[in-house]
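Structure record follows, encoded as structure tokens.
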Amino acid sequence: MAAVSSRLVAIIAPGSVEALIGRLLAGIFADHGHLSAAALPPLIPVAFLADAGPAAGLLRSLERAARAPWRVRTAGVAWDGGVLYIAVNSGGLWATLRRDAETAASMDPAPLFPVFEGFHAGCREASPEQRPLIQPVVPDLSFTSGWLAVVAIRSPRGRDAWWRDVRWEFEEQRPLRGRRDV
């Protein structure tokens, strides 16, 4: 099992929303025992970067591509590639950031988990039979401010169990305001 090191561009919600989503993720772990639900802070994955590519200036470029005003709203739960997400509707913000990240930087060809328009909630270790039982109640939340971040994720456990021993840190953060067309 080879150690993994990944860099993820993500949207970080403001503190009040982050705290509520964090409690929701902690509840998934408490109710179902899936450690991957609590392995990372509440974040909306946008793109995994190739390790070789520098991230310098990327967040600034992405932030300028976003149009203001924007609003992100929770939209229930969704599974993608065997991973649970607290789905959001961003009115096109996420798709714009994703598209521009793919254009501006090299993407990791083997990401740790799928990028999806929603807060990563893990549960990758849940069996197909267990997945329908994981139905957290998602509150109606919305936010109009937040951060873009490059998150470094490292684990000695390898790709198939990275959440069992993970270290993460924000390498870079930038307020996500977006540009206003005049």
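All residue names refer to the structure tokens as shown: chains lettered A, B, ... in order, residues numbered from 1 in each chain, ligands numbered from 1 in order.
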Produce a table with one row for each residue of segment 96-141 of chain A that has an atom at most 9 Å from any atom of segment 149-166 of chain A, each row naming the nearest atom pair and its distance in Å at one decimal; use only C-alpha atoms; arrange rows by chain and rising residue number; format as JSON lines.
{"residue": "A:Pro111", "atom": "CA", "partner": "A:Arg159", "partner_atom": "CA", "distance": 8.8}
{"residue": "A:Leu112", "atom": "CA", "partner": "A:Arg159", "partner_atom": "CA", "distance": 6.3}
{"residue": "A:Gly122", "atom": "CA", "partner": "A:Trp163", "partner_atom": "CA", "distance": 8.7}
{"residue": "A:Glu125", "atom": "CA", "partner": "A:Ala161", "partner_atom": "CA", "distance": 8.3}
Expected file contents, prior selection, N, CA and C atoms, as a CSV table (one decimal), in the first residue's frame:
chain,number,residue,atom,x,y,z
A,111,PRO,N,-7.9,10.7,-8.9
A,111,PRO,CA,-8.3,11.4,-7.7
A,111,PRO,C,-8.7,10.5,-6.6
A,112,LEU,N,-8.6,11.0,-5.3
A,112,LEU,CA,-9.0,10.2,-4.1
A,112,LEU,C,-10.5,9.8,-4.1
A,122,GLY,N,-18.1,11.3,2.3
A,122,GLY,CA,-17.4,10.1,2.5
A,122,GLY,C,-18.3,8.9,2.3
A,125,GLU,N,-16.5,3.4,2.4
A,125,GLU,CA,-16.4,2.1,2.9
A,125,GLU,C,-17.7,1.4,3.2
(Q) Would you pick out the contacts of Glu63 of chain A at 12 Å or less, using only C-alpha atoms, so that residues sharing its chain but fewer than 5 positions from it are not included, and give the list as a VMD selection string? (A) chain A and resid 9 to 11 57 to 58 68 70 93 to 94 96 to 98 100 to 101 145 to 149 173 to 180
Would you output that residue set with N, CA and C atoms, as a CSV table (one decimal), in the first residue's frame?
chain,number,residue,atom,x,y,z
A,9,VAL,N,-8.7,21.5,-5.1
A,9,VAL,CA,-9.3,22.8,-5.1
A,9,VAL,C,-10.7,22.6,-4.6
A,10,ALA,N,-11.1,23.4,-3.6
A,10,ALA,CA,-12.4,23.2,-3.0
A,10,ALA,C,-13.0,24.5,-2.6
A,11,ILE,N,-14.4,24.5,-2.5
A,11,ILE,CA,-15.1,25.6,-1.9
A,11,ILE,C,-15.3,25.3,-0.5
A,57,GLY,N,-1.4,31.3,-8.3
A,57,GLY,CA,-2.3,32.1,-9.1
A,57,GLY,C,-3.6,31.4,-9.5
A,58,LEU,N,-3.7,30.1,-9.3
A,58,LEU,CA,-4.9,29.4,-9.7
A,58,LEU,C,-6.1,29.9,-9.0
A,68,ALA,N,-20.6,37.2,-9.7
A,68,ALA,CA,-21.3,37.7,-8.5
A,68,ALA,C,-22.6,38.4,-9.0
A,70,TRP,N,-23.7,35.3,-6.3
A,70,TRP,CA,-23.9,33.8,-6.4
A,70,TRP,C,-24.5,33.3,-5.1
A,93,LEU,N,-22.1,28.2,-10.4
A,93,LEU,CA,-20.8,28.6,-9.9
A,93,LEU,C,-19.9,27.4,-9.9
A,94,TRP,N,-20.3,26.2,-9.4
A,94,TRP,CA,-19.4,25.1,-9.3
A,94,TRP,C,-19.0,24.7,-10.7
A,96,THR,N,-18.6,26.4,-13.4
A,96,THR,CA,-17.7,27.4,-13.9
A,96,THR,C,-16.3,27.2,-13.3
A,97,LEU,N,-16.3,27.0,-11.9
A,97,LEU,CA,-15.0,26.8,-11.3
A,97,LEU,C,-14.3,25.5,-11.8
A,98,ARG,N,-15.1,24.5,-11.9
A,98,ARG,CA,-14.6,23.2,-12.4
A,98,ARG,C,-14.0,23.3,-13.8
A,100,ASP,N,-13.0,26.0,-15.4
A,100,ASP,CA,-11.8,26.8,-15.4
A,100,ASP,C,-10.6,26.2,-14.8
A,101,ALA,N,-10.8,25.4,-13.7
A,101,ALA,CA,-9.7,24.6,-13.1
A,101,ALA,C,-9.1,23.6,-14.1
A,145,SER,N,-21.2,33.7,0.5
A,145,SER,CA,-19.8,34.1,0.7
A,145,SER,C,-19.1,32.8,1.1
A,146,GLY,N,-17.8,32.8,0.9
A,146,GLY,CA,-17.1,31.6,1.2
A,146,GLY,C,-15.6,31.8,0.8
A,147,TRP,N,-14.9,30.7,0.7
A,147,TRP,CA,-13.5,30.7,0.3
A,147,TRP,C,-13.2,29.6,-0.8
A,148,LEU,N,-12.2,29.9,-1.6
A,148,LEU,CA,-11.6,28.9,-2.4
A,148,LEU,C,-10.4,28.5,-1.7
A,149,ALA,N,-10.1,27.2,-1.7
A,149,ALA,CA,-8.9,26.7,-1.1
A,149,ALA,C,-8.2,25.6,-1.9
A,173,GLN,N,-5.7,29.9,0.5
A,173,GLN,CA,-7.1,30.2,0.6
A,173,GLN,C,-7.3,31.6,0.0
A,174,ARG,N,-8.5,31.8,-0.6
A,174,ARG,CA,-8.8,33.1,-1.2
A,174,ARG,C,-10.3,33.3,-1.0
A,175,PRO,N,-10.7,34.5,-0.6
A,175,PRO,CA,-12.2,34.8,-0.5
A,175,PRO,C,-12.8,34.6,-1.9
A,176,LEU,N,-14.0,33.9,-1.9
A,176,LEU,CA,-14.7,33.7,-3.1
A,176,LEU,C,-15.8,34.7,-3.2
A,177,ARG,N,-15.5,35.8,-4.0
A,177,ARG,CA,-16.5,36.9,-4.1
A,177,ARG,C,-17.1,36.8,-5.5
A,178,GLY,N,-16.3,36.6,-6.5
A,178,GLY,CA,-16.7,36.6,-7.9
A,178,GLY,C,-16.7,38.0,-8.5
A,179,ARG,N,-16.7,38.1,-9.8
A,179,ARG,CA,-16.6,39.4,-10.4
A,179,ARG,C,-18.0,39.9,-10.7
A,180,ARG,N,-18.2,41.2,-10.6
A,180,ARG,CA,-19.5,41.8,-11.0
A,180,ARG,C,-19.3,42.5,-12.3
Q: Using only C-alpha atoms, determine which residues lie at most 6 Å from segment 31-43 of chain A, disregarding the query and same-chain residues fewer than 3 positions distant; provide the list as number ranges by chain.
A: A: 11-12, 18, 22, 25-28, 119, 121-123, 163
Create the file for the chosen residues now, containing C-alpha atoms and written as a PDB file, in the first residue's frame.
ATOM      1  CA  ILE A  11     -15.125  25.622  -1.942  1.00  0.00           C
ATOM      2  CA  ILE A  12     -15.231  26.258   1.806  1.00  0.00           C
ATOM      3  CA  GLU A  18     -19.395  24.894   7.878  1.00  0.00           C
ATOM      4  CA  GLY A  22     -19.632  19.482  10.209  1.00  0.00           C
ATOM      5  CA  LEU A  25     -20.938  14.701   8.979  1.00  0.00           C
ATOM      6  CA  ALA A  26     -20.167  13.871  12.623  1.00  0.00           C
ATOM      7  CA  GLY A  27     -23.710  12.484  12.907  1.00  0.00           C
ATOM      8  CA  ILE A  28     -23.143  10.213   9.903  1.00  0.00           C
ATOM      9  CA  PHE A 119     -20.092  18.624   0.351  1.00  0.00           C
ATOM     10  CA  ALA A 121     -19.561  13.144   3.086  1.00  0.00           C
ATOM     11  CA  GLY A 122     -17.412  10.064   2.460  1.00  0.00           C
ATOM     12  CA  CYS A 123     -18.964   6.709   3.313  1.00  0.00           C
ATOM     13  CA  TRP A 163      -9.458   8.221   5.420  1.00  0.00           C
TER      14      TRP A 163
END
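Taking segment 20-108 of chain A and asking which residues DSSP calls strand (DSSP E or B) on the backbone, you get A:Ile44, A:Pro45, A:Val46, A:Ala47, A:Phe48, A:Leu49, A:Arg67, A:Val72, A:Arg73, A:Thr74, A:Ala75, A:Gly76, A:Val77, A:Ala78, A:Trp79, A:Asp80, A:Val83, A:Leu84, A:Tyr85, A:Ile86, A:Ala87, A:Val88, A:Asn89, A:Met107.
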Those residues with N, CA and C atoms, as a PDB file, in the first residue's frame please?
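So selection-v8.pdb came out as:
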ATOM      1  N   ILE A  44     -16.559  21.444  -0.577  1.00  0.00           N
ATOM      2  CA  ILE A  44     -17.157  21.069  -1.857  1.00  0.00           C
ATOM      3  C   ILE A  44     -16.003  20.900  -2.833  1.00  0.00           C
ATOM      4  N   PRO A  45     -15.691  19.662  -3.242  1.00  0.00           N
ATOM      5  CA  PRO A  45     -14.551  19.451  -4.133  1.00  0.00           C
ATOM      6  C   PRO A  45     -14.814  20.005  -5.529  1.00  0.00           C
ATOM      7  N   VAL A  46     -13.798  20.666  -6.063  1.00  0.00           N
ATOM      8  CA  VAL A  46     -13.908  21.224  -7.412  1.00  0.00           C
ATOM      9  C   VAL A  46     -12.987  20.476  -8.370  1.00  0.00           C
ATOM     10  N   ALA A  47     -11.718  20.271  -7.975  1.00  0.00           N
ATOM     11  CA  ALA A  47     -10.763  19.618  -8.875  1.00  0.00           C
ATOM     12  C   ALA A  47      -9.563  19.119  -8.091  1.00  0.00           C
ATOM     13  N   PHE A  48      -9.117  17.905  -8.397  1.00  0.00           N
ATOM     14  CA  PHE A  48      -7.855  17.392  -7.867  1.00  0.00           C
ATOM     15  C   PHE A  48      -6.759  17.791  -8.833  1.00  0.00           C
ATOM     16  N   LEU A  49      -5.730  18.426  -8.312  1.00  0.00           N
ATOM     17  CA  LEU A  49      -4.621  18.896  -9.130  1.00  0.00           C
ATOM     18  C   LEU A  49      -3.549  17.828  -9.244  1.00  0.00           C
ATOM     19  N   ARG A  67     -18.984  34.535 -11.280  1.00  0.00           N
ATOM     20  CA  ARG A  67     -19.819  35.728 -11.428  1.00  0.00           C
ATOM     21  C   ARG A  67     -20.556  35.990 -10.127  1.00  0.00           C
ATOM     22  N   VAL A  72     -25.209  29.441  -2.999  1.00  0.00           N
ATOM     23  CA  VAL A  72     -25.153  27.975  -2.949  1.00  0.00           C
ATOM     24  C   VAL A  72     -26.209  27.518  -1.950  1.00  0.00           C
ATOM     25  N   ARG A  73     -27.022  26.522  -2.369  1.00  0.00           N
ATOM     26  CA  ARG A  73     -28.092  25.987  -1.511  1.00  0.00           C
ATOM     27  C   ARG A  73     -27.944  24.475  -1.394  1.00  0.00           C
ATOM     28  N   THR A  74     -28.219  23.958  -0.217  1.00  0.00           N
ATOM     29  CA  THR A  74     -28.214  22.503  -0.047  1.00  0.00           C
ATOM     30  C   THR A  74     -29.380  21.914  -0.831  1.00  0.00           C
ATOM     31  N   ALA A  75     -29.178  20.659  -1.277  1.00  0.00           N
ATOM     32  CA  ALA A  75     -30.185  20.013  -2.137  1.00  0.00           C
ATOM     33  C   ALA A  75     -30.267  18.518  -1.847  1.00  0.00           C
ATOM     34  N   GLY A  76     -30.258  18.130  -0.573  1.00  0.00           N
ATOM     35  CA  GLY A  76     -30.407  16.715  -0.227  1.00  0.00           C
ATOM     36  C   GLY A  76     -29.090  15.961  -0.270  1.00  0.00           C
ATOM     37  N   VAL A  77     -29.181  14.661  -0.502  1.00  0.00           N
ATOM     38  CA  VAL A  77     -27.990  13.820  -0.572  1.00  0.00           C
ATOM     39  C   VAL A  77     -27.911  13.149  -1.939  1.00  0.00           C
ATOM     40  N   ALA A  78     -26.693  12.782  -2.311  1.00  0.00           N
ATOM     41  CA  ALA A  78     -26.485  12.091  -3.582  1.00  0.00           C
ATOM     42  C   ALA A  78     -25.252  11.202  -3.451  1.00  0.00           C
ATOM     43  N   TRP A  79     -25.263  10.099  -4.166  1.00  0.00           N
ATOM     44  CA  TRP A  79     -24.106   9.211  -4.237  1.00  0.00           C
ATOM     45  C   TRP A  79     -23.470   9.380  -5.607  1.00  0.00           C
ATOM     46  N   ASP A  80     -22.147   9.433  -5.637  1.00  0.00           N
ATOM     47  CA  ASP A  80     -21.435   9.487  -6.908  1.00  0.00           C
ATOM     48  C   ASP A  80     -20.167   8.657  -6.768  1.00  0.00           C
ATOM     49  N   VAL A  83     -19.445   7.339  -3.296  1.00  0.00           N
ATOM     50  CA  VAL A  83     -19.170   8.331  -2.257  1.00  0.00           C
ATOM     51  C   VAL A  83     -20.427   9.167  -2.040  1.00  0.00           C
ATOM     52  N   LEU A  84     -20.716   9.449  -0.770  1.00  0.00           N
ATOM     53  CA  LEU A  84     -21.887  10.242  -0.401  1.00  0.00           C
ATOM     54  C   LEU A  84     -21.543  11.734  -0.412  1.00  0.00           C
ATOM     55  N   TYR A  85     -22.492  12.532  -0.882  1.00  0.00           N
ATOM     56  CA  TYR A  85     -22.352  13.985  -0.891  1.00  0.00           C
ATOM     57  C   TYR A  85     -23.612  14.628  -0.340  1.00  0.00           C
ATOM     58  N   ILE A  86     -23.420  15.742   0.357  1.00  0.00           N
ATOM     59  CA  ILE A  86     -24.536  16.613   0.692  1.00  0.00           C
ATOM     60  C   ILE A  86     -24.645  17.527  -0.526  1.00  0.00           C
ATOM     61  N   ALA A  87     -25.566  17.216  -1.389  1.00  0.00           N
ATOM     62  CA  ALA A  87     -25.670  17.898  -2.676  1.00  0.00           C
ATOM     63  C   ALA A  87     -25.986  19.379  -2.489  1.00  0.00           C
ATOM     64  N   VAL A  88     -25.493  20.181  -3.418  1.00  0.00           N
ATOM     65  CA  VAL A  88     -25.807  21.611  -3.429  1.00  0.00           C
ATOM     66  C   VAL A  88     -26.187  22.011  -4.846  1.00  0.00           C
ATOM     67  N   ASN A  89     -26.902  23.105  -4.923  1.00  0.00           N
ATOM     68  CA  ASN A  89     -27.190  23.757  -6.196  1.00  0.00           C
ATOM     69  C   ASN A  89     -26.502  25.109  -6.114  1.00  0.00           C
ATOM     70  N   MET A 107      -4.971  18.179 -14.184  1.00  0.00           N
ATOM     71  CA  MET A 107      -5.800  17.429 -13.240  1.00  0.00           C
ATOM     72  C   MET A 107      -5.135  16.106 -12.877  1.00  0.00           C
TER      73      MET A 107
END
Q: Could you give me the residues within chain A that DSSP places in helix (DSSP H, G or I), as a VMD selection string?
A: chain A and resid 15 to 32 35 to 38 58 to 65 93 to 104 131 to 133 162 to 164
So that I have them on file, write out the residues from the current selection with C-alpha atoms, as a compact mmCIF listing (two decimals), in the first residue's frame.
# COMPACT_ATOMS: atom_id res chain seq x y z
CA GLY A 15 -18.20 29.38 9.46
CA SER A 16 -21.87 29.04 10.41
CA VAL A 17 -22.67 26.76 7.45
CA GLU A 18 -19.40 24.89 7.88
CA ALA A 19 -20.31 24.18 11.52
CA LEU A 20 -23.76 22.84 10.59
CA ILE A 21 -22.39 20.61 7.83
CA GLY A 22 -19.63 19.48 10.21
CA ARG A 23 -22.26 18.37 12.74
CA LEU A 24 -24.13 16.55 9.98
CA LEU A 25 -20.94 14.70 8.98
CA ALA A 26 -20.17 13.87 12.62
CA GLY A 27 -23.71 12.48 12.91
CA ILE A 28 -23.14 10.21 9.90
CA PHE A 29 -20.00 8.89 11.58
CA ALA A 30 -21.77 8.45 14.93
CA ASP A 31 -24.82 6.73 13.41
CA HIS A 32 -23.09 4.52 10.84
CA LEU A 35 -14.82 7.19 9.41
CA SER A 36 -14.51 8.70 5.94
CA ALA A 37 -17.51 10.94 6.73
CA ALA A 38 -15.39 12.79 9.30
CA LEU A 58 -4.89 29.40 -9.72
CA LEU A 59 -7.30 30.49 -6.99
CA ARG A 60 -7.12 34.11 -8.10
CA SER A 61 -7.90 33.06 -11.66
CA LEU A 62 -10.81 30.88 -10.55
CA GLU A 63 -12.21 33.57 -8.27
CA ARG A 64 -12.20 36.05 -11.13
CA ALA A 65 -14.05 33.56 -13.34
CA LEU A 93 -20.83 28.58 -9.86
CA TRP A 94 -19.43 25.06 -9.28
CA ALA A 95 -19.51 24.20 -13.01
CA THR A 96 -17.68 27.43 -13.88
CA LEU A 97 -14.99 26.79 -11.27
CA ARG A 98 -14.63 23.18 -12.40
CA ARG A 99 -14.34 24.08 -16.08
CA ASP A 100 -11.82 26.84 -15.44
CA ALA A 101 -9.73 24.64 -13.11
CA GLU A 102 -9.53 21.98 -15.81
CA THR A 103 -8.42 24.61 -18.32
CA ALA A 104 -5.89 26.37 -16.05
CA ARG A 131 -25.84 2.87 1.32
CA PRO A 132 -29.65 3.14 1.23
CA LEU A 133 -29.64 3.19 5.05
CA TRP A 162 -6.77 7.02 2.96
CA TRP A 163 -9.46 8.22 5.42
CA ARG A 164 -8.19 5.87 8.17
